[in-house]
$ cat final-v7.tsv   # TSV, C-alpha atoms and all ligand atoms
chain	number	residue	atom	x	y	z
A	189	MET	CA	-7.29	14.65	-29.58
A	190	SER	CA	-4.91	15.14	-26.67
A	191	ALA	CA	-2.58	12.46	-25.28
A	192	PRO	CA	-4.41	9.87	-23.16
A	193	PHE	CA	-4.30	9.66	-19.40
A	194	VAL	CA	-2.44	6.43	-18.56
A	195	LEU	CA	-3.42	4.29	-15.56
A	196	ALA	CA	-1.00	1.37	-15.05
A	197	VAL	CA	-2.48	-1.76	-13.48
A	198	PRO	CA	-0.78	-5.10	-12.66
A	199	SER	CA	-1.36	-7.62	-15.42
A	200	LYS	CA	-0.51	-10.75	-13.44
A	201	GLY	CA	0.69	-12.05	-10.13
A	202	ARG	CA	-0.62	-11.41	-6.66
A	203	LEU	CA	-1.51	-7.80	-7.16
A	204	GLN	CA	-3.59	-8.23	-10.31
A	205	GLU	CA	-6.80	-9.70	-8.94
A	206	ASN	CA	-6.78	-7.42	-5.91
A	207	ALA	CA	-6.21	-4.35	-8.06
A	208	GLU	CA	-9.10	-5.16	-10.35
A	209	GLY	CA	-11.41	-5.67	-7.36
A	210	PHE	CA	-10.19	-2.45	-5.81
A	211	PHE	CA	-11.14	-0.34	-8.85
A	212	ALA	CA	-14.45	-2.17	-9.27
A	213	ARG	CA	-15.43	-1.44	-5.67
A	214	ALA	CA	-14.60	2.21	-6.26
A	215	GLY	CA	-17.07	2.19	-9.15
A	216	LEU	CA	-14.36	2.26	-11.82
A	217	LYS	CA	-15.04	-0.56	-14.25
A	218	LEU	CA	-11.89	-1.54	-16.10
A	219	SER	CA	-12.39	-3.47	-19.30
A	220	LYS	CA	-10.15	-5.00	-21.91
A	221	ALA	CA	-11.69	-4.55	-25.31
A	222	GLY	CA	-9.65	-7.37	-26.80
A	223	GLY	CA	-10.20	-9.96	-24.05
A	224	ALA	CA	-7.88	-11.36	-21.37
A	225	ARG	CA	-4.73	-11.27	-23.52
A	226	ASP	CA	-5.14	-7.59	-24.41
A	227	TYR	CA	-2.68	-5.39	-22.49
A	228	ARG	CA	-4.61	-2.18	-23.08
A	229	GLY	CA	-7.94	-1.36	-21.52
A	230	THR	CA	-10.42	1.40	-20.78
A	231	ILE	CA	-12.54	2.66	-17.90
A	232	ALA	CA	-16.28	2.74	-18.52
A	233	GLY	CA	-17.51	6.32	-18.68
A	234	LEU	CA	-14.08	7.93	-18.63
A	235	ASP	CA	-12.99	8.94	-22.11
A	236	ASN	CA	-9.36	9.47	-22.88
A	237	VAL	CA	-8.12	7.04	-20.21
A	238	GLU	CA	-5.86	4.25	-21.30
A	239	VAL	CA	-5.38	1.37	-18.87
A	240	ALA	CA	-1.91	-0.14	-19.34
A	241	TYR	CA	-1.59	-3.70	-18.01
A	242	LEU	CA	2.03	-4.26	-16.98
A	243	SER	CA	4.03	-6.28	-14.45
A	244	ALA	CA	4.32	-4.68	-11.02
A	245	SER	CA	8.01	-3.88	-11.45
A	246	GLU	CA	7.44	-2.44	-14.93
A	247	ILE	CA	4.77	-0.16	-13.46
A	248	ALA	CA	7.33	1.33	-11.07
A	249	SER	CA	9.72	2.18	-13.89
A	250	GLN	CA	6.99	3.55	-16.18
A	251	LEU	CA	5.81	5.86	-13.40
A	252	SER	CA	9.38	6.97	-12.78
A	253	ARG	CA	9.82	7.91	-16.42
A	254	GLY	CA	6.45	9.64	-16.67
A	255	PHE	CA	4.96	7.14	-19.10
A	256	ALA	CA	2.00	6.59	-16.78
A	257	HIS	CA	0.15	9.18	-14.70
A	258	LEU	CA	-1.12	6.85	-11.98
A	259	GLY	CA	-0.40	3.21	-11.23
A	260	VAL	CA	-0.79	0.42	-8.72
A	261	THR	CA	2.38	-1.29	-7.54
A	262	GLY	CA	4.21	-2.38	-4.39
A	263	GLU	CA	6.20	0.11	-2.32
A	264	ASP	CA	9.11	-2.38	-2.34
A	265	LEU	CA	9.32	-2.18	-6.13
A	266	VAL	CA	9.01	1.61	-6.09
A	267	ARG	CA	11.90	1.98	-3.64
A	268	GLU	CA	14.04	-0.64	-5.36
A	269	THR	CA	13.46	0.46	-8.94
A	270	ILE	CA	13.46	4.25	-8.61
A	271	ALA	CA	16.50	6.18	-7.41
A	272	ASP	CA	15.28	9.21	-5.42
A	273	ALA	CA	11.78	7.75	-5.47
A	274	ASP	CA	10.19	10.53	-3.42
A	275	LYS	CA	11.13	13.12	-6.04
A	276	ARG	CA	9.83	11.16	-9.01
A	277	VAL	CA	6.67	9.57	-7.62
A	278	SER	CA	4.24	10.03	-4.76
A	279	LEU	CA	2.65	7.19	-2.80
A	280	ILE	CA	-0.88	8.57	-2.77
A	281	ASP	CA	-2.50	5.80	-0.72
A	282	GLY	CA	-1.81	2.33	0.69
A	283	LEU	CA	-4.41	-0.02	-0.73
A	284	GLY	CA	-4.58	-2.65	2.02
A	285	PHE	CA	-3.40	-5.63	-0.05
A	286	GLY	CA	-0.13	-7.00	-1.41
A	287	TYR	CA	1.45	-6.90	2.05
A	288	ALA	CA	5.05	-8.15	2.10
A	289	ASP	CA	8.08	-7.39	4.29
A	290	VAL	CA	11.52	-7.02	2.76
A	291	VAL	CA	13.79	-8.77	5.26
A	292	VAL	CA	17.36	-9.84	6.01
A	293	ALA	CA	17.35	-13.58	6.79
A	294	VAL	CA	20.19	-15.86	7.91
A	295	PRO	CA	20.44	-19.64	8.45
A	296	GLN	CA	18.67	-20.72	11.65
A	297	ALA	CA	21.91	-22.49	12.62
A	298	TRP	CA	23.62	-19.11	13.16
A	299	ILE	CA	22.48	-18.95	16.77
A	300	ASP	CA	24.81	-16.05	17.66
A	301	VAL	CA	23.57	-13.80	14.88
A	302	ARG	CA	20.39	-12.10	16.08
A	303	THR	CA	20.81	-8.51	14.95
A	304	MET	CA	22.40	-6.43	12.19
A	305	ALA	CA	25.19	-5.56	14.65
A	306	ASP	CA	25.87	-9.29	15.16
A	307	LEU	CA	25.92	-9.67	11.39
A	308	ASP	CA	28.45	-6.85	11.12
A	309	ASP	CA	30.68	-8.69	13.59
A	310	VAL	CA	30.59	-11.99	11.72
A	311	THR	CA	31.11	-10.49	8.25
A	312	THR	CA	34.59	-9.32	9.25
A	313	GLY	CA	35.59	-12.68	10.76
A	314	PHE	CA	34.16	-14.45	7.74
A	315	ARG	CA	36.34	-12.45	5.37
A	316	GLU	CA	39.49	-13.22	7.35
A	317	GLN	CA	38.69	-16.89	7.60
A	318	HIS	CA	37.45	-17.56	4.07
A	319	HIS	CA	39.36	-14.93	2.09
A	320	MET	CA	36.15	-13.78	0.51
A	321	ARG	CA	33.30	-11.53	1.50
A	322	MET	CA	30.04	-12.88	2.79
A	323	ARG	CA	27.49	-13.23	-0.02
A	324	VAL	CA	23.94	-11.87	0.15
A	325	ALA	CA	21.51	-13.29	-2.42
A	326	THR	CA	18.75	-10.85	-3.44
A	327	LYS	CA	16.91	-9.15	-6.23
A	328	PHE	CA	16.58	-6.04	-4.04
A	329	VAL	CA	20.09	-4.81	-4.78
A	330	ASN	CA	19.51	-1.12	-4.10
A	331	LEU	CA	17.43	-1.58	-0.96
A	332	THR	CA	20.04	-3.99	0.39
A	333	ARG	CA	22.94	-1.60	-0.26
A	334	SER	CA	21.33	1.30	1.50
A	335	PHE	CA	20.08	-0.76	4.44
A	336	PHE	CA	23.47	-2.40	4.99
A	337	GLN	CA	25.16	0.97	4.66
A	338	SER	CA	22.84	2.46	7.27
A	339	HIS	CA	24.07	-0.29	9.63
A	340	GLY	CA	27.71	0.32	8.74
A	341	ILE	CA	28.12	-3.10	7.13
A	342	THR	CA	30.60	-3.09	4.25
A	343	ASP	CA	32.23	-6.56	4.24
A	344	TYR	CA	29.72	-8.30	1.99
A	345	ARG	CA	29.00	-8.91	-1.65
A	346	ILE	CA	25.64	-9.08	-3.41
A	347	VAL	CA	24.79	-12.09	-5.53
A	348	GLU	CA	21.90	-11.12	-7.77
A	349	SER	CA	19.10	-13.62	-7.63
A	350	ALA	CA	16.31	-13.91	-10.17
A	351	GLY	CA	14.05	-16.20	-8.11
A	352	ALA	CA	13.96	-18.92	-5.44
A	353	THR	CA	16.27	-16.68	-3.42
A	354	GLU	CA	15.56	-18.58	-0.20
A	355	GLY	CA	17.31	-21.61	-1.67
A	356	ALA	CA	20.65	-19.83	-2.12
A	357	PRO	CA	22.21	-20.57	1.31
A	358	ALA	CA	21.41	-24.30	1.14
A	359	ALA	CA	22.66	-24.40	-2.45
A	360	GLY	CA	25.92	-22.79	-1.35
A	361	SER	CA	25.63	-19.77	-3.62
A	362	ALA	CA	25.23	-17.27	-0.74
A	363	GLU	CA	25.50	-17.12	3.05
A	364	LEU	CA	22.35	-15.07	3.68
A	365	ILE	CA	19.49	-13.45	1.78
A	366	VAL	CA	17.31	-10.37	1.44
A	367	ASP	CA	13.85	-11.16	0.12
A	368	ILE	CA	10.19	-10.53	0.70
A	369	THR	CA	8.09	-12.56	3.06
A	370	THR	CA	4.41	-12.58	3.84
A	371	THR	CA	3.56	-15.64	5.94
A	372	GLY	CA	7.16	-16.67	6.63
A	373	ALA	CA	6.49	-20.18	5.32
A	374	THR	CA	9.14	-20.07	2.57
A	375	LEU	CA	11.83	-18.82	4.95
A	376	ALA	CA	11.00	-21.53	7.51
A	377	ALA	CA	10.94	-24.25	4.86
A	378	ASN	CA	14.45	-23.19	3.88
A	379	GLY	CA	15.81	-23.09	7.44
A	380	LEU	CA	16.14	-19.29	7.51
A	381	ARG	CA	15.33	-16.72	10.22
A	382	VAL	CA	14.73	-12.97	10.03
A	383	LEU	CA	17.14	-10.84	12.09
A	384	ASP	CA	15.49	-9.05	15.02
A	385	ASP	CA	16.07	-5.66	13.39
A	386	GLY	CA	16.19	-7.08	9.88
A	387	VAL	CA	12.86	-5.80	8.51
A	388	MET	CA	13.99	-3.32	5.86
A	389	LEU	CA	10.58	-2.27	4.63
A	390	ARG	CA	6.95	-3.11	5.29
A	391	SER	CA	5.46	-2.97	1.85
A	392	GLN	CA	1.95	-3.04	0.46
A	393	ALA	CA	0.32	-2.17	-2.83
A	394	ASN	CA	0.02	1.57	-3.31
A	395	LEU	CA	-1.69	3.97	-5.63
A	396	VAL	CA	1.30	5.84	-7.04
A	397	ALA	CA	1.44	9.11	-8.99
A	398	SER	CA	4.18	10.14	-11.41
A	399	LYS	CA	5.83	13.54	-11.26
A	400	HIS	CA	7.00	13.61	-14.85
A	401	ALA	CA	3.86	12.45	-16.64
A	402	ASP	CA	2.16	14.92	-18.98
A	403	TRP	CA	-0.04	16.67	-16.40
A	404	SER	CA	-2.20	18.72	-18.74
A	405	PRO	CA	-5.28	20.39	-17.21
A	406	GLN	CA	-7.32	17.59	-18.75
A	407	ALA	CA	-5.09	14.89	-17.23
A	408	LEU	CA	-5.40	16.57	-13.85
A	409	GLU	CA	-9.18	16.62	-14.17
A	410	THR	CA	-9.18	12.90	-15.02
A	411	ALA	CA	-7.04	12.20	-11.94
A	412	ARG	CA	-9.49	14.19	-9.84
A	413	VAL	CA	-12.40	12.05	-11.03
A	414	ILE	CA	-10.52	8.78	-10.43
A	415	LEU	CA	-9.30	9.84	-6.99
A	416	ASP	CA	-12.78	11.11	-6.10
A	417	HIS	CA	-14.19	7.62	-6.69
A	418	ILE	CA	-11.41	6.02	-4.67
A	419	ALA	CA	-11.63	8.46	-1.75
A	420	ALA	CA	-15.43	8.10	-1.60
A	421	ARG	CA	-15.12	4.34	-1.41
A	422	ALA	CA	-12.33	4.49	1.17
A	423	ARG	CA	-14.37	6.79	3.37
A	424	ALA	CA	-17.43	4.52	2.98
A	425	ASN	CA	-15.37	1.50	4.06
A	426	LYS	CA	-14.31	3.16	7.28
A	427	TYR	CA	-17.87	3.62	8.56
A	428	ARG	CA	-21.37	2.19	8.81
A	429	GLU	CA	-24.36	4.48	8.77
A	430	VAL	CA	-26.39	4.49	11.97
A	431	ARG	CA	-29.84	6.05	12.20
A	432	THR	CA	-32.09	6.63	15.12
A	433	ARG	CA	-34.66	9.05	16.55
A	434	PHE	CA	-35.42	9.83	20.16
A	435	ARG	CA	-36.37	13.01	21.97
A	436	GLN	CA	-33.54	12.97	24.53
A	437	CYS	CA	-30.97	13.06	21.76
A	438	ASP	CA	-29.01	16.32	22.01
A	439	ALA	CA	-25.65	17.91	21.31
A	440	ALA	CA	-24.15	16.77	24.63
A	441	LEU	CA	-25.04	13.15	23.90
A	442	LEU	CA	-23.57	13.50	20.43
A	443	GLY	CA	-20.34	14.88	21.88
A	444	GLU	CA	-20.08	11.91	24.20
A	445	ALA	CA	-20.72	9.47	21.34
A	446	HIS	CA	-18.03	11.18	19.31
A	447	SER	CA	-15.37	10.91	21.99
A	448	ARG	CA	-16.29	7.38	23.12
A	449	PHE	CA	-16.95	5.67	19.78
A	450	GLY	CA	-15.31	7.90	17.17
A	451	VAL	CA	-18.62	8.63	15.44
A	452	GLU	CA	-19.14	11.48	13.00
A	453	ALA	CA	-22.40	13.33	12.41
A	454	PRO	CA	-22.00	14.14	8.69
A	455	PHE	CA	-25.32	15.97	8.40
A	456	GLY	CA	-25.16	17.80	11.73
A	457	GLY	CA	-26.70	17.25	15.15
A	458	PRO	CA	-30.17	15.85	15.86
A	459	THR	CA	-33.14	17.55	14.20
A	460	SER	CA	-35.84	19.12	16.36
A	461	SER	CA	-37.63	15.76	16.48
A	462	GLY	CA	-34.39	13.97	17.49
A	463	MET	CA	-33.66	12.38	14.10
A	464	LEU	CA	-29.98	11.55	13.87
A	465	THR	CA	-27.66	10.05	11.25
A	466	LEU	CA	-24.21	8.95	12.37
A	467	HIS	CA	-21.16	7.40	10.74
A	468	CYS	CA	-19.61	4.87	13.09
A	469	PRO	CA	-16.44	2.73	12.83
A	470	PRO	CA	-17.54	-0.90	12.29
A	471	GLY	CA	-15.85	-2.11	15.48
A	472	GLN	CA	-17.89	0.30	17.65
A	473	LEU	CA	-21.37	-0.44	16.29
A	474	TYR	CA	-22.64	-2.59	19.11
A	475	ALA	CA	-21.26	-0.32	21.79
A	476	LEU	CA	-22.86	2.69	20.11
A	477	ALA	CA	-26.22	0.98	19.68
A	478	SER	CA	-26.19	0.03	23.35
A	479	PHE	CA	-25.28	3.57	24.36
A	480	LEU	CA	-28.07	5.08	22.25
A	481	ARG	CA	-30.69	2.68	23.67
A	482	GLU	CA	-29.56	3.35	27.24
A	483	HIS	CA	-30.24	7.00	26.56
A	484	GLY	CA	-33.72	6.48	25.19
A	485	ALA	CA	-33.55	5.20	21.62
A	486	GLU	CA	-36.19	2.57	20.82
A	487	THR	CA	-34.62	1.54	17.53
A	488	VAL	CA	-31.20	1.91	15.97
A	489	SER	CA	-30.67	0.86	12.36
A	490	VAL	CA	-27.32	0.21	10.69
A	491	VAL	CA	-26.50	0.01	6.99
A	492	SER	CA	-23.32	-0.35	4.94
A	493	LEU	CA	-22.25	2.57	2.80
A	494	ASP	CA	-21.15	2.30	-0.83
A	495	TYR	CA	-19.72	5.80	-1.24
A	496	VAL	CA	-19.30	8.90	0.84
A	497	PHE	CA	-18.47	11.89	-1.35
A	498	ASP	CA	-16.93	14.76	0.57
A	499	ARG	CA	-16.16	18.19	-0.76
A	500	GLU	CA	-12.57	17.70	0.35
A	501	ASN	CA	-10.64	14.93	-1.39
A	502	PRO	CA	-7.48	14.15	0.60
A	503	LEU	CA	-6.06	11.98	-2.19
A	504	PHE	CA	-6.36	14.66	-4.86
A	505	ALA	CA	-5.03	17.25	-2.43
A	506	LYS	CA	-1.96	15.08	-1.93
A	507	LEU	CA	-1.45	14.74	-5.68
A	508	GLU	CA	-1.75	18.50	-6.22
A	509	ALA	CA	0.71	19.24	-3.42
A	510	PHE	CA	3.19	16.75	-4.88
A	511	LEU	CA	2.98	18.22	-8.38
A	512	ARG	CA	3.45	21.74	-7.03
A	513	ARG	CA	6.66	20.82	-5.17
B	1	LIG	N1	4.10	-13.35	-1.04
B	1	LIG	C1	4.43	-12.51	-2.04
B	1	LIG	N2	5.29	-12.90	-2.99
B	1	LIG	C2	5.63	-12.09	-4.00
B	1	LIG	N3	5.20	-10.82	-4.14
B	1	LIG	C3	4.34	-10.38	-3.20
B	1	LIG	C4	3.90	-11.19	-2.14
B	1	LIG	N4	3.04	-10.48	-1.41
B	1	LIG	C5	2.98	-9.27	-1.97
B	1	LIG	N5	3.76	-9.18	-3.05
B	1	LIG	C6	4.01	-7.98	-3.83
B	1	LIG	O1	3.73	-8.15	-5.20
B	1	LIG	C7	4.65	-7.39	-5.96
B	1	LIG	C8	5.37	-8.31	-6.93
B	1	LIG	O2	4.46	-8.80	-7.83
B	1	LIG	P1	4.96	-9.64	-9.08
B	1	LIG	O3	5.85	-10.74	-8.64
B	1	LIG	O4	3.76	-9.97	-9.89
B	1	LIG	O5	5.76	-8.51	-9.84
B	1	LIG	P2	7.03	-8.54	-10.70
B	1	LIG	O6	8.21	-8.56	-9.81
B	1	LIG	O7	6.86	-7.37	-11.62
B	1	LIG	O8	6.91	-9.87	-11.54
B	1	LIG	P3	8.03	-10.90	-11.88
B	1	LIG	O9	8.64	-11.27	-10.54
B	1	LIG	O10	7.29	-12.02	-12.50
B	1	LIG	O11	8.95	-10.17	-12.80
B	1	LIG	C9	5.62	-6.76	-5.00
B	1	LIG	O12	5.24	-5.43	-4.72
B	1	LIG	C10	5.47	-7.62	-3.78
B	1	LIG	O13	5.79	-6.93	-2.57
B	2	LIG	O1	6.52	-15.64	3.23
B	2	LIG	P1	5.73	-16.41	2.20
B	2	LIG	O2	4.26	-16.31	2.42
B	2	LIG	O3	6.19	-17.83	2.09
B	2	LIG	O4	5.92	-15.71	0.76
B	2	LIG	C1	7.16	-15.27	0.29
B	2	LIG	C2	7.55	-15.94	-0.99
B	2	LIG	O5	6.58	-15.75	-2.01
B	2	LIG	C3	7.20	-15.18	-3.16
B	2	LIG	O6	7.61	-16.08	-4.08
B	2	LIG	P2	6.69	-16.61	-5.25
B	2	LIG	O7	6.17	-17.96	-4.88
B	2	LIG	O8	5.65	-15.61	-5.63
B	2	LIG	O9	7.70	-16.78	-6.44
B	2	LIG	P3	8.67	-15.67	-7.07
B	2	LIG	O10	9.94	-15.81	-6.30
B	2	LIG	O11	8.81	-16.12	-8.49
B	2	LIG	O12	8.05	-14.33	-6.95
B	2	LIG	C4	8.40	-14.44	-2.59
B	2	LIG	O13	9.41	-14.25	-3.57
B	2	LIG	C5	8.85	-15.34	-1.49
B	2	LIG	O14	9.68	-16.35	-1.97
B	3	MG	MG	7.54	-12.15	-8.38

$ encode --input "final-v7.tsv" --output "structure tokens" --more "lines below"
Ligand SMILES: Nc1ncnc2c1ncn2[C@@H]1O[C@H](COP(=O)(O)OP(=O)(O)OP(=O)(O)O)[C@@H](O)[C@H]1O
Ligand SMILES: O=P(O)(O)OC[C@H]1O[C@H](OP(=O)(O)OP(=O)(O)O)[C@H](O)[C@@H]1O
Ligand SMILES: [Mg+2]
Amino acid sequence: MSAPFVLAVPSKGRLQENAEGFFARAGLKLSKAGGARDYRGTIAGLDNVEVAYLSASEIASQLSRGFAHLGVTGEDLVRETIADADKRVSLIDGLGFGYADVVVAVPQAWIDVRTMADLDDVTTGFREQHHMRMRVATKFVNLTRSFFQSHGITDYRIVESAGATEGAPAAGSAELIVDITTTGATLAANGLRVLDDGVMLRSQANLVASKHADWSPQALETARVILDHIAARARANKYREVRTRFRQCDAALLGEAHSRFGVEAPFGGPTSSGMLTLHCPPGQLYALASFLREHGAETVSVVSLDYVFDRENPLFAKLEAFLRR
């Protein structure tokens, strides 16, 4: 039997529950044969797939080394953990959860420090006055170095923080921090403020592919099946299906509906009897239904879609292009 296809999924933390739900909605049922404490799992109906349950940061390094084919992890961890990330992995798709910004935050009391340029100014004075460099507490060492470098800031020192980073300035172990924030509550509670141009990265959970995994023809076929499920679900989420029938329905009307409401006609224009099926963005449903009735429709029905399978799969196309590079 050939080597298994490895899908790495967060085993804990904020991403775990969301990731499980994401695969379930795509029709991929992950299961752990040995119960909740088992760190290996399978996908119903897909032989030769091994689900590896790992921490989000471990997933980034496993993908980098080619020990997993596909995985779910945060872009922040990908960019922090993997040097030359764009050569080793590809961010196939943002998954719409696990949002967090990686930010530079300073004490609110520093009223004159609003921007990275202001920070650059004070780092130099700080060094002269205190005979030491300003300390930045963070676990995002690599992201911090490259962001500070891009702003020409060199008079600082990184203090590696394992957790509770926001507490470092008050505790006196650093002057400022780089950390992730979602609601901003932890920063505010610790008397810190994000610099105006201090958002280093807007991160979310991503489906990530590894360049150096064992991409046998069989592994590629497995990826195609997985990505086909995911793309079909993603496309279904973007639209509702709208059906109607009225004689005045014609190509011109359809063109107008397309440009005004962003609707697609996946099965072509109205039939000879005026039967029409449309895919409409959820936010435009009422406007579309009103438009159709104004033009003669008696009834317009709307249903949610579970899957929309297209011949083209943009996610798999992206994977193939990345592996060919
Ligand atoms: N408010 C948040 N706090 C922490 N992580 C968040 C938050 N919102 C989203 N995330 C994302 O979750 C991921 C981190 O998850 P988690 O803390 O479980 O991983 P980890 O760093 O591997 O675990 P650990 O910190 O226990 O070693 C990151 O990609 C991060 O951006
Ligand atoms: O902007 P907010 O919504 O307040 O969220 C951001 C905070 O949440 C996370 O910490 P978490 O409580 O997960 O602990 P951790 O530091 O161990 O990851 C993160 O490290 C920040 O401290
Ligand atoms: Mg954490």

$ residues_near_ligand --input "final-v7.tsv" --ligand "ligand LIG 1 (chain B)" --cutoff "8 Å" --atoms "only C-alpha atoms and all ligand atoms" --output "PyMOL selection string"
chain A and resi 198-204+242-247+261-265+285-290+351+368-371+391-393

$ closest_residue --input "final-v7.tsv" --among "A:Ser349, A:Thr332, A:Ser190, A:Ser252" --to "ligand LIG 2 (chain B)" --atoms "all atoms listed in the file"
A:Ser349

$ closest_residue --input "final-v7.tsv" --among "A:Asp226, A:Asp306, A:Glu354, A:Asp274" --to "ligand LIG 2 (chain B)" --atoms "all atoms listed in the file"
A:Glu354

$ residues_around --input "final-v7.tsv" --residues "Ala212 in chain A" --least-positions-apart "5" --cutoff "12 Å" --atoms "all atoms listed in the file" --output "list in words"
Glu205, Asn206, Ala207, Lys217, Leu218, Ser219, Ile231, Ala232, Ile414, His417, Ile418, Arg421 and Asp494 of chain A

$ closest_atom_pairs --input "final-v7.tsv" --of "range 246-299 of chain A" --to "range 320-330 of chain A" --cutoff "12 Å" --atoms "all atoms listed in the file" --output "CSV"
residue,atom,partner,partner_atom,distance
A:Asp264,CA,A:Phe328,CA,8.5
A:Leu265,CA,A:Phe328,CA,8.5
A:Val266,CA,A:Phe328,CA,11.0
A:Arg267,CA,A:Asn330,CA,8.2
A:Glu268,CA,A:Asn330,CA,5.6
A:Thr269,CA,A:Asn330,CA,7.9
A:Ile270,CA,A:Asn330,CA,9.3
A:Ala271,CA,A:Asn330,CA,8.6
A:Asp272,CA,A:Asn330,CA,11.2
A:Ala273,CA,A:Asn330,CA,11.8
A:Asp289,CA,A:Phe328,CA,12.0
A:Val290,CA,A:Phe328,CA,8.5
A:Val291,CA,A:Phe328,CA,10.1
A:Val292,CA,A:Val324,CA,9.0
A:Ala293,CA,A:Val324,CA,9.5
A:Val294,CA,A:Val324,CA,9.5
A:Pro295,CA,A:Val324,CA,11.9
